[in-house]
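Have a look at final-v6.pdb below; it lists PDB, C-alpha atoms, pLDDT in the B column.
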ATOM      1  CA  MET A 981     117.834 111.101 102.036  1.00 95.00           C
ATOM      2  CA  ILE A 982     115.470 108.378 100.782  1.00 97.00           C
ATOM      3  CA  ALA A 983     114.271 105.466 102.926  1.00 98.00           C
ATOM      4  CA  LEU A 984     112.760 102.232 101.656  1.00 98.00           C
ATOM      5  CA  ASP A 985     109.722 100.465 103.034  1.00 98.00           C
ATOM      6  CA  THR A 986     109.470  96.698 103.348  1.00 98.00           C
ATOM      7  CA  ASN A 987     107.326  96.104 100.283  1.00 97.00           C
ATOM      8  CA  ILE A 988     109.887  97.623  97.929  1.00 98.00           C
ATOM      9  CA  LEU A 989     112.633  95.386  99.337  1.00 98.00           C
ATOM     10  CA  VAL A 990     110.463  92.265  99.267  1.00 98.00           C
ATOM     11  CA  TYR A 991     109.532  92.839  95.626  1.00 98.00           C
ATOM     12  CA  ALA A 992     113.163  93.564  94.735  1.00 98.00           C
ATOM     13  CA  HIS A 993     114.275  90.314  96.374  1.00 98.00           C
ATOM     14  CA  ARG A 994     111.516  87.944  95.296  1.00 98.00           C
ATOM     15  CA  ARG A 995     111.888  87.111  91.612  1.00 97.00           C
ATOM     16  CA  ASP A 996     108.399  85.572  91.659  1.00 97.00           C
ATOM     17  CA  SER A 997     106.800  88.942  92.393  1.00 97.00           C
ATOM     18  CA  VAL A 998     105.038  90.640  89.487  1.00 96.00           C
ATOM     19  CA  PHE A 999     106.727  93.830  90.702  1.00 97.00           C
ATOM     20  CA  HIS A1000     110.219  92.300  90.865  1.00 97.00           C
ATOM     21  CA  ALA A1001     111.753  93.955  87.799  1.00 97.00           C
ATOM     22  CA  ALA A1002     110.557  97.460  88.687  1.00 97.00           C
ATOM     23  CA  ALA A1003     111.461  97.136  92.373  1.00 98.00           C
ATOM     24  CA  ALA A1004     114.863  95.587  91.668  1.00 98.00           C
ATOM     25  CA  GLU A1005     115.667  98.426  89.273  1.00 97.00           C
ATOM     26  CA  ALA A1006     114.548 101.057  91.805  1.00 97.00           C
ATOM     27  CA  VAL A1007     116.709  99.568  94.565  1.00 98.00           C
ATOM     28  CA  ARG A1008     119.625  99.037  92.174  1.00 98.00           C
ATOM     29  CA  SER A1009     119.466 102.702  91.120  1.00 97.00           C
ATOM     30  CA  LEU A1010     119.863 103.729  94.751  1.00 98.00           C
ATOM     31  CA  ALA A1011     122.510 101.138  95.620  1.00 97.00           C
ATOM     32  CA  GLU A1012     124.665 102.071  92.633  1.00 97.00           C
ATOM     33  CA  GLY A1013     123.979 105.797  92.841  1.00 97.00           C
ATOM     34  CA  ILE A1014     125.421 108.667  94.822  1.00 97.00           C
ATOM     35  CA  VAL A1015     122.298 109.769  96.714  1.00 94.00           C
ATOM     36  CA  PRO A1016     122.257 108.577 100.335  1.00 96.00           C
ATOM     37  CA  TRP A1017     119.453 106.155 101.115  1.00 98.00           C
ATOM     38  CA  ALA A1018     118.352 104.227 104.169  1.00 98.00           C
ATOM     39  CA  ILE A1019     116.716 101.067 105.394  1.00 98.00           C
ATOM     40  CA  PRO A1020     115.031 101.366 108.815  1.00 97.00           C
ATOM     41  CA  TRP A1021     115.791  98.501 111.224  1.00 96.00           C
ATOM     42  CA  PRO A1022     112.088  97.599 111.606  1.00 96.00           C
ATOM     43  CA  VAL A1023     111.969  97.195 107.811  1.00 97.00           C
ATOM     44  CA  VAL A1024     114.965  94.834 107.959  1.00 98.00           C
ATOM     45  CA  PHE A1025     113.157  92.535 110.384  1.00 97.00           C
ATOM     46  CA  GLU A1026     109.824  92.736 108.586  1.00 97.00           C
ATOM     47  CA  PHE A1027     111.583  91.937 105.287  1.00 98.00           C
ATOM     48  CA  TRP A1028     113.175  88.864 106.896  1.00 98.00           C
ATOM     49  CA  ASN A1029     109.835  87.758 108.351  1.00 98.00           C
ATOM     50  CA  ILE A1030     107.975  88.062 105.059  1.00 98.00           C
ATOM     51  CA  VAL A1031     110.467  86.526 102.635  1.00 98.00           C
ATOM     52  CA  THR A1032     111.220  83.527 104.865  1.00 98.00           C
ATOM     53  CA  HIS A1033     107.592  82.850 105.806  1.00 98.00           C
ATOM     54  CA  PRO A1034     106.317  79.555 104.316  1.00 97.00           C
ATOM     55  CA  ARG A1035     102.692  80.719 104.385  1.00 97.00           C
ATOM     56  CA  ILE A1036     103.532  83.762 102.300  1.00 97.00           C
ATOM     57  CA  TYR A1037     105.947  82.261  99.779  1.00 97.00           C
ATOM     58  CA  ASN A1038     106.208  78.708  98.494  1.00 96.00           C
ATOM     59  CA  PRO A1039     109.054  78.121  98.614  1.00 97.00           C
ATOM     60  CA  PRO A1040     110.134  80.855 101.013  1.00 98.00           C
ATOM     61  CA  SER A1041     113.571  82.400 100.853  1.00 98.00           C
ATOM     62  CA  THR A1042     116.016  80.642 103.131  1.00 98.00           C
ATOM     63  CA  PRO A1043     117.487  82.579 106.055  1.00 98.00           C
ATOM     64  CA  THR A1044     120.820  82.497 104.217  1.00 98.00           C
ATOM     65  CA  GLN A1045     119.243  84.024 101.103  1.00 98.00           C
ATOM     66  CA  ALA A1046     117.550  86.741 103.173  1.00 98.00           C
ATOM     67  CA  ARG A1047     120.786  87.538 105.018  1.00 98.00           C
ATOM     68  CA  ARG A1048     122.833  87.659 101.812  1.00 98.00           C
ATOM     69  CA  GLN A1049     120.318  89.977 100.184  1.00 98.00           C
ATOM     70  CA  LEU A1050     120.402  92.364 103.133  1.00 98.00           C
ATOM     71  CA  GLU A1051     124.196  92.249 103.233  1.00 98.00           C
ATOM     72  CA  ALA A1052     124.336  93.099  99.523  1.00 97.00           C
ATOM     73  CA  TRP A1053     122.172  96.176 100.063  1.00 98.00           C
ATOM     74  CA  PHE A1054     124.141  97.183 103.183  1.00 98.00           C
ATOM     75  CA  GLN A1055     127.352  97.113 101.118  1.00 97.00           C
ATOM     76  CA  SER A1056     126.179 100.048  99.036  1.00 98.00           C
ATOM     77  CA  PRO A1057     128.492 102.912 100.043  1.00 97.00           C
ATOM     78  CA  VAL A1058     125.527 105.282 100.322  1.00 98.00           C
ATOM     79  CA  CYS A1059     123.220 102.923 102.277  1.00 98.00           C
ATOM     80  CA  HIS A1060     122.497 103.699 105.923  1.00 97.00           C
ATOM     81  CA  VAL A1061     120.626 101.461 108.340  1.00 97.00           C
ATOM     82  CA  ILE A1062     118.657 103.715 110.656  1.00 96.00           C
ATOM     83  CA  GLY A1063     117.228 103.017 114.080  1.00 93.00           C
ATOM     84  CA  ASP A1064     115.161 104.551 116.822  1.00 87.00           C
ATOM     85  CA  GLN A1065     116.178 107.903 118.216  1.00 83.00           C
ATOM     86  CA  PRO A1066     115.459 109.249 121.731  1.00 83.00           C
ATOM     87  CA  GLU A1067     113.478 112.203 120.352  1.00 79.00           C
ATOM     88  CA  MET A1068     110.886 109.783 118.993  1.00 77.00           C
ATOM     89  CA  LEU A1069     109.485 109.483 122.523  1.00 79.00           C
ATOM     90  CA  ALA A1070     108.246 113.074 122.301  1.00 80.00           C
ATOM     91  CA  ALA A1071     105.986 112.077 119.376  1.00 75.00           C
ATOM     92  CA  LEU A1072     103.941 109.526 121.337  1.00 74.00           C
ATOM     93  CA  PRO A1073     101.300 112.069 122.471  1.00 74.00           C
ATOM     94  CA  ASP A1074     100.833 113.087 118.814  1.00 71.00           C
ATOM     95  CA  LEU A1075     100.218 109.455 117.885  1.00 70.00           C
ATOM     96  CA  ALA A1076      97.708 109.056 120.709  1.00 68.00           C
ATOM     97  CA  GLN A1077      95.869 112.213 119.667  1.00 66.00           C
ATOM     98  CA  ALA A1078      95.759 111.018 116.048  1.00 70.00           C
ATOM     99  CA  GLU A1079      94.373 107.689 117.324  1.00 75.00           C
ATOM    100  CA  ILE A1080      97.221 105.701 115.788  1.00 77.00           C
ATOM    101  CA  ARG A1081      96.974 102.134 117.092  1.00 73.00           C
ATOM    102  CA  ASP A1082      96.990  98.448 116.208  1.00 78.00           C
ATOM    103  CA  GLY A1083      98.499  97.752 112.785  1.00 76.00           C
ATOM    104  CA  GLN A1084      99.170 101.459 112.262  1.00 83.00           C
ATOM    105  CA  ILE A1085     101.864 101.485 114.958  1.00 85.00           C
ATOM    106  CA  HIS A1086     104.435  99.806 112.698  1.00 88.00           C
ATOM    107  CA  ASP A1087     103.902 102.397 109.954  1.00 90.00           C
ATOM    108  CA  ALA A1088     104.011 105.196 112.538  1.00 88.00           C
ATOM    109  CA  ARG A1089     107.345 103.905 113.810  1.00 89.00           C
ATOM    110  CA  ILE A1090     108.769 103.903 110.280  1.00 93.00           C
ATOM    111  CA  ALA A1091     107.480 107.447 109.702  1.00 90.00           C
ATOM    112  CA  LEU A1092     108.940 108.630 113.021  1.00 89.00           C
ATOM    113  CA  LEU A1093     112.264 106.966 112.215  1.00 92.00           C
ATOM    114  CA  CYS A1094     112.291 108.885 108.966  1.00 92.00           C
ATOM    115  CA  ARG A1095     111.621 112.187 110.707  1.00 89.00           C
ATOM    116  CA  ALA A1096     114.197 111.568 113.458  1.00 90.00           C
ATOM    117  CA  ASN A1097     116.874 110.569 110.928  1.00 92.00           C
ATOM    118  CA  GLY A1098     116.400 113.380 108.419  1.00 92.00           C
ATOM    119  CA  ILE A1099     114.684 111.277 105.760  1.00 94.00           C
ATOM    120  CA  THR A1100     112.955 113.476 103.198  1.00 88.00           C
ATOM    121  CA  GLU A1101     111.272 110.765 101.138  1.00 96.00           C
ATOM    122  CA  LEU A1102     109.965 107.251 101.816  1.00 97.00           C
ATOM    123  CA  TRP A1103     109.576 104.849  98.922  1.00 97.00           C
ATOM    124  CA  SER A1104     106.622 102.544  99.501  1.00 97.00           C
ATOM    125  CA  VAL A1105     103.584 101.101  97.780  1.00 96.00           C
ATOM    126  CA  ASP A1106     101.673 101.497 101.064  1.00 91.00           C
ATOM    127  CA  ARG A1107      99.335 104.497 100.888  1.00 88.00           C
ATOM    128  CA  ASP A1108      98.832 104.459 104.659  1.00 86.00           C
ATOM    129  CA  PHE A1109     101.947 106.575 105.108  1.00 88.00           C
ATOM    130  CA  SER A1110     100.038 109.566 103.740  1.00 85.00           C
ATOM    131  CA  ARG A1111      98.633 110.096 107.259  1.00 84.00           C
ATOM    132  CA  PHE A1112     102.094 111.212 108.380  1.00 85.00           C
ATOM    133  CA  PRO A1113     102.588 114.676 106.847  1.00 84.00           C
ATOM    134  CA  TRP A1114     106.233 114.974 107.849  1.00 83.00           C
ATOM    135  CA  VAL A1115     107.403 112.314 105.400  1.00 89.00           C
ATOM    136  CA  GLN A1116     106.810 112.542 101.665  1.00 94.00           C
ATOM    137  CA  THR A1117     106.009 109.162 100.140  1.00 94.00           C
ATOM    138  CA  ARG A1118     106.551 107.995  96.613  1.00 95.00           C
ATOM    139  CA  ASN A1119     105.810 104.740  94.873  1.00 96.00           C
ATOM    140  CA  PRO A1120     108.823 104.202  92.599  1.00 95.00           C
ATOM    141  CA  LEU A1121     107.104 101.265  90.896  1.00 94.00           C
ATOM    142  CA  ILE A1122     104.566 103.507  89.205  1.00 90.00           C
ATOM    143  CA  THR A1123     107.174 105.489  87.282  1.00 63.00           C
ATOM    144  CA  ALA A1124     109.300 102.365  86.736  1.00 47.00           C
ATOM    145  CA  GLN A1125     106.516 100.365  85.059  1.00 44.00           C
TER     146      GLN A1125
END

The structure given in the file should be rewritten as structure tokens.
Amino acid sequence: MIALDTNILVYAHRRDSVFHAAAAEAVRSLAEGIVPWAIPWPVVFEFWNIVTHPRIYNPPSTPTQARRQLEAWFQSPVCHVIGDQPEMLAALPDLAQAEIRDGQIHDARIALLCRANGITELWSVDRDFSRFPWVQTRNPLITAQ
């Protein structure tokens, strides 16, 4: 199963992004395809925060626009929204040993969600996920450009 990171969804939603066309096509290919894909709950909330933030976008997306976009993606018959799993607690010592902290915690949570939910590939433009060897990352915008 493929999971999507926030940046892919933001670019797919925001028509003013230089990456909009490539990201929208990548998400559309999943939404209209037969391969199961997922959006982690932390990504949902980060997406909402970014696209509705007036200091990031002028004008920002309205809450209604953000909600409708998420609902459209959730309606894909092969889309799954994934959340935290109890077994993720066992990974905390690994994160401490790897000195994962501060801003890295959010990415670590996404990577752990992927592992706990059987995700084999994470689509992101964020190279920081490479520190988590259990999830293969791919930037779908590179091949889509």

Can you turn the PyMOL selection byres ((chain A and resi 1091-1104) around 6) into a concrete residue list for this file, as number ranges by chain?
-> A: 981-985, 1064, 1088-1090, 1105-1106, 1115-1119

What gap, in Å, lies between CA of Gln1049 (chain A) and CA of Ala1004 (chain A)?
-> 11.6 Å

For the atom pair CA of Ile1085 (chain A) and CA of Trp1017 (chain A), what is the interatomic distance in Å to one decimal place?
->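 Separation between CA of Ile1085 (chain A) and CA of Trp1017 (chain A): 22.9 Å.
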
Identify, on the basis of all atoms listed in the file, every residue whose closest approach to His1033 (chain A) does not exceed 12 Å; exclude the query and any residue fewer than 6 positions from it along the same chain; express the result as a ChimeraX atom specification.
-> /A:990,1026-1027,1039-1043,1046

From the list A:Arg1047, A:Arg1107, A:His993, A:Arg1035, the nearest residue to Val1007 (chain A) using only C-alpha atoms is A:His993

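Remark: for Gly1013 (chain A), the closest of the candidate residues A:Phe1109, A:His1086, A:Pro1057, A:Ala1078 is A:Pro1057 (distances computed over only C-alpha atoms).
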
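Atom pair CA of Ile988 (chain A) / CA of Ala1003 (chain A): separated by 5.8 Å.
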
Contacts of region 1018-1021 of chain A at 6 Å (all atoms listed in the file; same-chain gap of 6+ positions) as a PyMOL selection string = chain A and resi 983-984+1059-1063

With all atoms listed in the file as the basis for distance, which of A:Asp996, A:Trp1114, A:Leu1010, A:Leu989 is at the shortest distance from Ala1071 (chain A)?
->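 When distances to Ala1071 (chain A) are compared using all atoms listed in the file, the smallest one comes from A:Trp1114.
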